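One structure is given below, encoded as structure tokens.
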Amino acid sequence: MKNIPSTLIFDVDGTLAETEELHRKAFNDVFKKRRLKWHWNKSLYGQLLRIAGGKERIKFYQTNVTCHKIPLNDGDISLIHKEKTQIYSHWVENGALTLRPGIHCIITKALEKNIRLAIATSTSYSNLIPLTQSCFGKKPEEIFSCLATGNLVRKKKPAADLYNLVLQKLSLEPKECLAIEDSRIGLMSAKGANIRTMVSPSLYHIKDDFTEADHLCESLEEEQLPEELRQLLFQ
């Protein structure tokens, strides 16, 4: 990297952990309980992930995809999403997720070397809490210096709002940061803020176009990281 980063900015879903399949199952659980006659299979959910945010996906689906039209208002959608988050959080708290290989090591080494860590995610803060508690035994604030979550911005990914919020809160220049993402919409968000971006595709995004990525890694394990980042963290 031309500029050694002082801050690493992480996406959450698909980057810290392979969360999306658990999200999909939680959505379907709520749909079944509410007798909506909706079911998001893996193929469909992969398409819906192009829309950032759970509530936004529900709105898009009922408007543009399903033949089972149900007149859900914003309040209904918020309630469905809240119930889904509660189910997802319960599963995570009970050990349903593990971090992606390499993530724990990257974060641990960065903290040891006083490299600041931040979050830029379209997901909610309430989804982040059980993940860090379960996988690190800590609250998000004990690990990350800034938490830019979807509820804090007007536009979610692929807009640059989340990354710009991190830059603003931490008084950083883009050249001081490296974003770590797993999807094209995440890559576009980071690049929209002029932040160098390392992408390691998650299972739902392996076929995305990552042409604009500064680094493309098959995994986040040490041997797969770009040389400059390995030197920064492990030497």
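For the structure tokens, the naming scheme is as follows: chains receive sequential letters (A, B, ...) according to their order of presentation, residues are indexed from 1 within each chain, and ligands are indexed from 1 in presentation order.
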Inset, instruction - Would you list the contacts of segment 44-53 of chain A as a PyMOL selection string, taking every protein, DNA or RNA residue within 6 Å and counting only C-alpha atoms, but skipping same-chain residues closer than 3 positions in sequence? - result: chain A and resi 40-41+56-57+122+157+204
Find the residues of segment 113-152 of chain A that sit at most 8 Å from segment 91-109 of chain A; for each, write down the nearest two atoms and how far apart they are in Å, to one decimal. Count only C-alpha atoms. Sort by chain, then by number going up, and give it as CSV.
```
residue,atom,partner,partner_atom,distance
A:Lys113,CA,A:Lys109,CA,6.3
A:Leu117,CA,A:Ile107,CA,7.8
A:Pro130,CA,A:Glu93,CA,5.5
A:Leu131,CA,A:Val92,CA,6.3
A:Gln133,CA,A:Glu93,CA,7.6
A:Ser134,CA,A:Glu93,CA,5.8
A:Cys135,CA,A:Thr98,CA,6.5
```
Legend entry - Spatial neighbours of Asp11 of chain A, 9 Å, only C-alpha atoms, chain gap at least 3 places, as a VMD selection string: chain A and resid 14 to 16 118 to 122 179 to 182 186
Inset, instruction - Name the residues in contact with segment 216-232 of chain A at a cut-off of 7 Å, using only C-alpha atoms, excluding same-chain residues fewer than 3 positions from it; report them as a list in words. - result: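 The residues satisfying every condition are Met1, Pro101, Gly102, Ile103, Met198, Val199, Ser200, Pro201, Ala213 and Gln235 of chain A.
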Legend entry - Counting only C-alpha atoms, the option among A:Arg154, A:Lys33, A:Arg116, A:Lys139 closest to Ile87 of chain A: A:Lys33
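Residues of segment 113-179 of chain A assigned to alpha helix (DSSP H) by DSSP on this structure's backbone: Tyr125, Ser126, Asn127, Leu128, Ile129, Pro130, Leu131, Thr132, Gln133, Ser134, Cys135, Phe136, Asp161, Leu162, Tyr163, Asn164, Leu165, Val166, Leu167, Gln168, Lys169 and Leu170 of chain A.
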Legend entry - Nearest to Ser145 of chain A, chosen from A:His90, A:His39, A:Lys169, A:Lys32, with only C-alpha atoms counted in the distances: A:Lys169
Inset, instruction - May I ask for the distance between atom CA of Lys42 of chain A and atom CA of Leu22 of chain A, given in Å to one decimal place? - result: 11.1 Å
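Residues in contact with Arg34 of chain A at up to 10 Å, not including ones fewer than 5 positions away on its chain and judged by only C-alpha atoms, are A:Asn28, A:Asp29, A:Ile80.
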Legend entry - Nearest to Ala26 of chain A by atom-to-atom distance, counting only C-alpha atoms, from A:Glu176, A:Glu83, A:Ser6, A:His68: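 Nearest candidate to Ala26 of chain A out of A:Glu176, A:Glu83, A:Ser6, A:His68: A:Glu83.
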